[in-house]
Every structure is written in C-alpha cells, then in structure tokens.
Number of protein chains: 2
Amino acid sequence: MTSERAYVFLERLTKAVGPRLTGSPQASAAVELTRAMMIEAGFETWLEPVTVQHWVRGEETAEIVAPRGTESQFLAITALGGSVPTPRGGITADVVEADSFDALAGLARKIKDRIVFFNHPMDRAFLDTFRAYGEAAQFRTRGASEAAKYGAAAVLVRSATSRTDRNPHAGMVQYAPSVSRIPAAAVATADADALSRLLQRGDRVSVQLNLGCRTLADVESSNVIGQVRGTERPDEIILLGGHLDSWDLAVGAHDDGSGCVQAIEALRLIKSFGPTLKRTVRVVLFMNEEFGATGGRDYAADDRRIKERHLAAIESDRGGFLPIGFGISGSPDQFARLKILEDLLRPSGIQWVRAGGGGADIGPLGARGAILMSFIPNAQTYFDVHHSGLDTLSSVHPRELELGAIVMAIAAYVAAQEGI
Amino acid sequence: MTSERAYVFLERLTKAVGPRLTGSPQASAAVELTRAMMIEAGFETWLEPVTVQHWVRGEETAEIVAPRGTESQFLAITALGGSVPTPRGGITADVVEADSFDALAGLARKIKDRIVFFNHPMDRAFLDTFRAYGEAAQFRTRGASEAAKYGAAAVLVRSATSRTDRNPHAGMVQYAPSVSRIPAAAVATADADALSRLLQRGDRVSVQLNLGCRTLADVESSNVIGQVRGTERPDEIILLGGHLDSWDLAVGAHDDGSGCVQAIEALRLIKSFGPTLKRTVRVVLFMNEEFGATGGRDYAADDRRIKERHLAAIESDRGGFLPIGFGISGSPDQFARLKILEDLLRPSGIQWVRAGGGGADIGPLGARGAILMSFIPNAQTYFDVHHSGLDTLSSVHPRELELGAIVMAIAAYVAAQEGI
C-alpha cells in the first residue's frame, strides 16, 4: 500500500504505449513493454501466438441534415469495432428510433434504407451495473444484424453508460452470418437524448453518416506470459490474468490496463514476499479480448497446456476500483473449501466470496478443470468510462488499484501453497 | 437510483452558496436554502439557535527566504481554522522539523523562536484511512500548543492526505488553555516533502510566514431541522443528520454537503414511499461541526428535547462514496436486534452492520439514550479531497451518493416503524 506499484506499472504502460487496440502497432508495443516489466520483476517470461483481427478507425461523422439548426447538428459518434465503412459519400437517410428488438419488429416496414437508432438507456435502477450494461449492450452487439434483416442502411446505437455526456462508448459489433453487414456507430448519450427529442416532436430527421473504418489483414499477435515456478508441483498452475488490448478512444486504464498491472503486481508481491512457491503462479496478459477473446481461447488450446494442470484462474477485468468480493466457480465442495478466502481476505477489504466465477479470457480454462475466480471491484462508476475517451490514467486511483493487486496476490498465494 | 435526487440537492447547495464556513454569510445562506429545500419537500421545518465562532481567512503566504532559489520557494499553505494571525510584517524564522511529539521533545532546546514543521505523513499502510488520518491530524489539532510550550514562534503542519500534491488541507487548530497561541498553517504534501528534503541536506532553512486570519465576534447561527411526524408515537424520533458547515477552500461537497443532502433525500424518499410513519423521522443539519461541533451539543441540550425521545440517530459524515456498512452503538441486545438491518440493506449494497457507532454531531444524543448509527462509505479516497480545494461537486458521484441516501432511508424507515 505504501509503494502503490500497480499504479507505477499502469502509468508506464499507458504513457509509453497509448491505446492498445487489437492488431495495432501500440498493441505490439504493449506486448514488448509488459514482457520487459515482467523480466525486470524477475519472472520467467514468454509469448504465445494469437492471430487477431486488425480493424482501423477512419473518419467518423454524423450530421443531422434535416431538420437544420437543431441543438445537436453534429452528433458525437464513434464507429463500433469491426463495423464496415459507409459507401463513398456516406449514407444519408431518415432515422427510425427503437428502444428494443420488439419495437424494431413493430416498425419492420418503416426500416428499409433507413438508419435505425437503438435508444435503450442503461437502467440506473439495477445495483449491479453489469446487469444494466448487459441489457443495453445487446443493441451494440446484435443491433446491426437485427436491423439489417429489415433492410436498414446503418445503425446508430446509444452508448452504454448511465451518465449523460458527449463521450461515445465503443465496443464490438457482432455481425450475424448470412445477414448483410451494415455500418454501425455508437452515439453519445447526450446526443442520443437530443436526437430522440427531435424524433419525438414528429419531425422527419435525416442524418448523414460517414464511417471510414475498415478491416485490414489479420495480424500475428501474442499473449504475454510470466511466471514464478513452483518447486513441488511446477505443472500445477495458479493463473492471474487480464487482457492487454483495449479500445482506442483512450488508454484503457481501467479496461483492462488495471487487470494487467494488478496481475503483474500480485506476482511481484508474492515473489518479494519470499517463501518458495509449491505450485507455479503465472501471469497471463491475454490479447484480443475486445475482438472476440481469441487470446483466451488460444491460450487454453495451446499445446503447452497438455502437460500442465491449471488449478485456478483469477481474472481482473471489471476495472481497478475498490475490491468488494470474489466470485468462484467449482463444485459445492470446492467452493466450501475456497470460502475460507473470505476470512483471509477480509483484513484487506474483501467483503465476500460467492459462488459463481468466470471471465471472457479464463472461461476456456474452466472446461479444462480450472476453478475460475472473478475479482469483483466496486463497479458503480465503471461504465462512466468503459470503452470511452474517459478511460484514462487519471480515472484510476493508486490506492484502490493496489488493494486489488494485494487481494489477488493473497488468493493466488494461498492457492499455490495449499492447492484447491 | 433513476432520479439521483441527492445529487440534484447537492448541486443546488454547492452552486448557490459556495463554501459554508461556520459564521460566514454563506453558512447563513445555506441555512435558508436547505430549509427552503425541506419546505419544498413537504417537511415540517424550523431552526434552532447555535452560537458559533466567526474566524476569517486573510492573506496567507509562506516563502523560503533562505536558502534562495529552491524547488519550493513559495510553499502552498493555508491557515488552520482558528489560528491567530502573524504579527504585522509576518514571522521570519528558521524551521525545525519533527515527525512526532517525541521528536519535538528531543529538539526542545532548538525550538525557541523557530517555526516548527510537523511532517508526519498519513500512513498508507492502514486499510482504514480514518485511522491514518487520526494519527496525522493530531499534529494539526495539538501541534501549535505543543510547540508553543517550547517557545516556538509558529507551526507548519503537513496536510493530512496520503496523496502528494500542492493542495493544502485545512482543519481546526485546538489551542490548549494557558499556553500562548501561535500561528498555525497546513502545508501541502508536495511542499512538505520539498521542505523536508531541503532540511535533510543540513541547510539552515528560513521561512517568512504571513497569516492575516482573525477571529471576529461570535455569530448567531442555526441548526436546520425538518421532519415528518409519526402518527402513533410522534415524540419518538429517528434522526438523520449531517453537518451544514464546511471548510472554505472548496464547497465541501463530500464534507459534509453529501451527508446533508443524503439526510434530506432519505426523508424525501420515505415520505414519497407513502405509508404513514409510526414514529417521527427528523433531519438535522448541524451547524459548526468543523469549529467544535457546537451544533450537535446545542441540539442535544435544547429545551425542545425534554419532551422528546431519540431512539436512534444516523450520521453521514464520511463522504458521499459507495456505501459499505453501518456502525451501531448500543447494548448487545439492541445490537443483536439491529443486526437485521444487514439483511435488509444488503440488496442495496451494504456489506455489513457492526457494533460501534457514533459521530461528532450525534454523539451528545448517545448520553440521552439514542442508538448511534454511523453510515460507513468507502473512504479509500476521502482524504484526497477532505478539507481541501478538491472537495468539489465533481468529486461526488451521483449514483454512489444516492445509494447512501437509500440505505439511510431504509434504516430510518425500519426504525420508525419497528422501533429499536
């Protein structure tokens, strides 16, 4: 707590590299830098290959061309990750608003050649912001293909945040097979509200949308791995992980720079603590969580795994905020045994250990018998910054970040010494 | 959670009034404004008198005059509340550093006519930031009189925050009776570090200190009270409180604007929820917590209390952050009964209800038989802003603030209907 080293790592990562979009030169630089950090920390390190998509952002504008002179002529938008571009000259089309897929179906005959505007706000009433996010984010992931089924020309999707501001929030669009791919962009919540007010007046609202994004050839990238080998059962592994790629509107300080540096710092703490580890503790910084979590998939499928046994995998990918709890998968017997973590971690601020663990990157290890542990920090403010230009270093607090690294270190150390 | 009204109240209070230092015109304006808010919310309202100290800040500078040309020639300082001014022309004296009262005693013969610099950092190693604060803040409260016993001319006290920055943190100095009163100022942590580095080089370091603060005649001020009367036992009261006065370097958004608006919002929620209250729920915005908590003392001692019985008093004065728990005073039997709040509040995010409750303002009600309940939010970042120019509206999150109001509302409602 005194040295707050996790933040020092995060500062170095975010300042030296910048945003780390999958497939980008910055993502490659982040691979080199984090490996160097792990070498400096005295870990055994290596890279494992991951083939990733390389999508690049281009110009992106959305202008309300009819009616003229509104409060929101230039909409604050950002292309969704993986979106196809608009044709040369952009798309100019009337806007149709829907707040659900049912509403979309009800408008079916009005959608052809239009821009569908999905305007489903994140529900502030849920204490669990991830639940509200999940509800809202489906329009970002599935909206383009659902609208394309009715012949829409493009989609604008309300950003998934409960704040009202002019920061669009990125995220991946998932095109369904055998449905035509249409351009998709997120619109900032303040602009979504303004657009909606205009539509509710009954005006015909026409928007010109230009997206210059495109998908380039796949890129060979890497998962970055560092470990301290166990002396008694080196092939039994406790994994600490986060994902190294980020969105490109900011440096991904919370998502998931925090998880990466917490994993590194946790192992550094374990190593500096001194006692020999019985089992191996391994840090994996997964590549490409944001474009399909192929890093997690490829890690689990790599031939190196054949002779290894992953006892537990701990993922931090919910922001670098105040630690609250751990969610843990496994059988009732395993959970009962791991419930002791609650007493061990309470002095460091953890409030509970509950059944139910997983994560996009560690998920595939579950099928290989690993206990999956989700680090759960306070997420009340996470979606303010998530995938947006606000996910900057200054939004992370050194003290709260370090607390997360400490509880991850304790959990991993106990698992390494005592088994599961 | 959808309307986030506590934040709307806080925005109104902070924007309309500004800082609310005890005795200031702004504190009077805050009395009028918060009473108006409570009238608008449909509460029965009144004021109760509190006589308060009226201390005003003047010019405040501290310049390192020897050696010249240092990294920190002009120290970022602020007079401690209640400090006497420096004489005309200021005080120019050599600086002696001490990190404890024991160290001060060891330097006894070097202190006469010097400026004592108390440089005790807040200990980041404590999970409980209030504990680290308590250790550090004693030099602010007691340092001037301890140094004066050895003939010091003035004191500079390292600001009580674990961050390193150039924001001095105010707070009250408590002069001991029969010791001469010497000027006292807080110095920002970055400047304290620079000053300490200079002293550790072994240089003679001389500072010119100018404090133009002074204490004016006492002012008649008020506690602001609003209530919804119970229909079955109107004289049995559940109190919700915070303190209305703040420090003057910012608007006291966390300390304790948050507690005030949470109390108002909690009663507004209870009232809008509908059912008739069996017992009275009362909001008290205490005046003058920061200069001796005389508002709490006078409230408890007021003749109006004779016919009343305060069953419980809930205080929010630890910032408007994520709710974590409640500390509750009372006998083991009473605590066992109130422990049910844990289950009732868990769906709203409260993690625990523990024995041990109190608060500067509600404390005097404990002697009158009230159960004291401390609302405990996440305080990992509280002392970053506490008493400093950083305690601004933008440092409060509408969602976390509202969650606090909601759990206070539930606790008060249950107590009003079920008794203690």
# chains A, B, ... in the order shown; residues from 1 in each chain; ligands from 1
>>> residues_around(residues="segment 63-72 of chain A", least_positions_apart="3", cutoff="12 Å", atoms="only C-alpha atoms", output="PyMOL selection string")
chain A and resi 60+75-77+90-95+115+166+187-199+201-211
>>> residues_around(residues="Met172 of chain A", least_positions_apart="3", cutoff="10 Å", atoms="only C-alpha atoms", output="PDB file with N, CA and C atoms, in the first residue's frame")
ATOM      1  N   ALA A  79     -17.419   4.814 -34.524  1.00  0.00           N
ATOM      2  CA  ALA A  79     -17.720   3.535 -35.180  1.00  0.00           C
ATOM      3  C   ALA A  79     -17.583   2.393 -34.179  1.00  0.00           C
ATOM      4  N   LEU A  80     -18.483   1.432 -34.270  1.00  0.00           N
ATOM      5  CA  LEU A  80     -18.330   0.239 -33.445  1.00  0.00           C
ATOM      6  C   LEU A  80     -17.230  -0.637 -34.025  1.00  0.00           C
ATOM      7  N   GLY A  81     -16.538  -1.331 -33.142  1.00  0.00           N
ATOM      8  CA  GLY A  81     -15.407  -2.148 -33.559  1.00  0.00           C
ATOM      9  C   GLY A  81     -15.830  -3.247 -34.518  1.00  0.00           C
ATOM     10  N   GLY A  82     -15.154  -3.319 -35.668  1.00  0.00           N
ATOM     11  CA  GLY A  82     -15.497  -4.312 -36.678  1.00  0.00           C
ATOM     12  C   GLY A  82     -16.515  -3.824 -37.687  1.00  0.00           C
ATOM     13  N   SER A  83     -17.021  -2.606 -37.476  1.00  0.00           N
ATOM     14  CA  SER A  83     -18.028  -2.095 -38.418  1.00  0.00           C
ATOM     15  C   SER A  83     -17.446  -2.001 -39.827  1.00  0.00           C
ATOM     16  N   ALA A 137     -26.075  -3.394 -23.891  1.00  0.00           N
ATOM     17  CA  ALA A 137     -25.004  -3.674 -24.857  1.00  0.00           C
ATOM     18  C   ALA A 137     -25.455  -4.621 -25.966  1.00  0.00           C
ATOM     19  N   ARG A 140     -25.749  -2.907 -29.157  1.00  0.00           N
ATOM     20  CA  ARG A 140     -24.461  -2.650 -29.800  1.00  0.00           C
ATOM     21  C   ARG A 140     -23.974  -3.900 -30.518  1.00  0.00           C
ATOM     22  N   THR A 141     -24.058  -5.054 -29.845  1.00  0.00           N
ATOM     23  CA  THR A 141     -23.517  -6.277 -30.460  1.00  0.00           C
ATOM     24  C   THR A 141     -24.436  -6.785 -31.573  1.00  0.00           C
ATOM     25  N   ARG A 142     -25.732  -6.862 -31.306  1.00  0.00           N
ATOM     26  CA  ARG A 142     -26.653  -7.537 -32.230  1.00  0.00           C
ATOM     27  C   ARG A 142     -27.477  -6.584 -33.080  1.00  0.00           C
ATOM     28  N   TYR A 175     -21.586  -9.193 -36.280  1.00  0.00           N
ATOM     29  CA  TYR A 175     -22.453  -9.428 -37.437  1.00  0.00           C
ATOM     30  C   TYR A 175     -22.877 -10.893 -37.474  1.00  0.00           C
ATOM     31  N   ALA A 184     -22.172   0.582 -38.415  1.00  0.00           N
ATOM     32  CA  ALA A 184     -22.709   0.697 -37.057  1.00  0.00           C
ATOM     33  C   ALA A 184     -21.838   1.638 -36.239  1.00  0.00           C
ATOM     34  N   ALA A 185     -22.490   2.568 -35.557  1.00  0.00           N
ATOM     35  CA  ALA A 185     -21.756   3.518 -34.718  1.00  0.00           C
ATOM     36  C   ALA A 185     -22.489   3.726 -33.405  1.00  0.00           C
ATOM     37  N   TRP A 247      -9.764  -0.617 -26.017  1.00  0.00           N
ATOM     38  CA  TRP A 247     -10.326   0.205 -27.079  1.00  0.00           C
ATOM     39  C   TRP A 247      -9.381   1.366 -27.358  1.00  0.00           C
ATOM     40  N   GLU A 290     -11.203  -7.815 -26.657  1.00  0.00           N
ATOM     41  CA  GLU A 290     -12.247  -6.916 -27.158  1.00  0.00           C
ATOM     42  C   GLU A 290     -12.763  -7.301 -28.544  1.00  0.00           C
ATOM     43  N   PHE A 291     -12.005  -8.085 -29.288  1.00  0.00           N
ATOM     44  CA  PHE A 291     -12.479  -8.522 -30.605  1.00  0.00           C
ATOM     45  C   PHE A 291     -12.698 -10.036 -30.639  1.00  0.00           C
ATOM     46  N   GLY A 292     -13.290 -10.565 -29.580  1.00  0.00           N
ATOM     47  CA  GLY A 292     -13.690 -11.967 -29.628  1.00  0.00           C
ATOM     48  C   GLY A 292     -12.976 -12.893 -28.677  1.00  0.00           C
ATOM     49  N   HIS A 387     -14.807   1.784 -22.324  1.00  0.00           N
ATOM     50  CA  HIS A 387     -14.799   1.838 -23.795  1.00  0.00           C
ATOM     51  C   HIS A 387     -14.882   3.264 -24.351  1.00  0.00           C
TER      52      HIS A 387
END
>>> residues_around(residues="Leu277 of chain B", least_positions_apart="5", cutoff="7 Å", atoms="only C-alpha atoms", output="list in words")
Gly230, Thr231, Ala416 and Gln417 of chain B
>>> closest_atom_pairs(of="chain B", to="chain A", cutoff="9 Å", atoms="only C-alpha atoms", output="CSV")
residue,atom,partner,partner_atom,distance
B:Met1,CA,A:Ala125,CA,5.2
B:Thr2,CA,A:Arg124,CA,5.2
B:Ser3,CA,A:Arg124,CA,8.7
B:Asp123,CA,A:Thr2,CA,7.7
B:Arg124,CA,A:Thr2,CA,5.2
B:Ala125,CA,A:Met1,CA,5.2
B:Phe126,CA,A:Met1,CA,8.1
B:Leu127,CA,A:Ser348,CA,6.7
B:Leu322,CA,A:Gln380,CA,7.9
B:Ile324,CA,A:Gln351,CA,8.9
B:Pro347,CA,A:Leu127,CA,7.9
B:Ser348,CA,A:Leu127,CA,6.7
B:Gly349,CA,A:Leu127,CA,7.2
B:Gln351,CA,A:Gln351,CA,6.5
B:Trp352,CA,A:Gln351,CA,8.3
B:Asn378,CA,A:Leu322,CA,8.0
B:Gln380,CA,A:Glu400,CA,6.9
B:Thr381,CA,A:His397,CA,7.7
B:His397,CA,A:Thr381,CA,7.8
B:Arg399,CA,A:Gln380,CA,7.0
B:Glu400,CA,A:Gln380,CA,6.9
B:Leu403,CA,A:Leu127,CA,8.7
>>> select_by_dssp(residues="segment 55-300 of chain A", states="helix (DSSP H, G or I)", output="number ranges by chain")
A: 101-106, 108-110, 129-149, 189-200, 253-273, 294-300
>>> residues_around(residues="Glu236 of chain A", least_positions_apart="5", cutoff="6 Å", atoms="only C-alpha atoms", output="PyMOL selection string")
chain A and resi 279+309-310
>>> residues_around(residues="Ser272 of chain B", least_positions_apart="3", cutoff="12 Å", atoms="only C-alpha atoms", output="PyMOL selection string")
chain B and resi 41-43+228+265-269+275-277+409+413
>>> select_by_dssp(residues="segment 7-139 of chain A", states="strand (DSSP E or B)", output="number ranges by chain")
A: 44-56, 60-66, 74-75, 77-79, 81, 91-98, 115-118
>>> residues_around(residues="Phe286 of chain A", least_positions_apart="3", cutoff="6 Å", atoms="only C-alpha atoms", output="count of residues only")
4
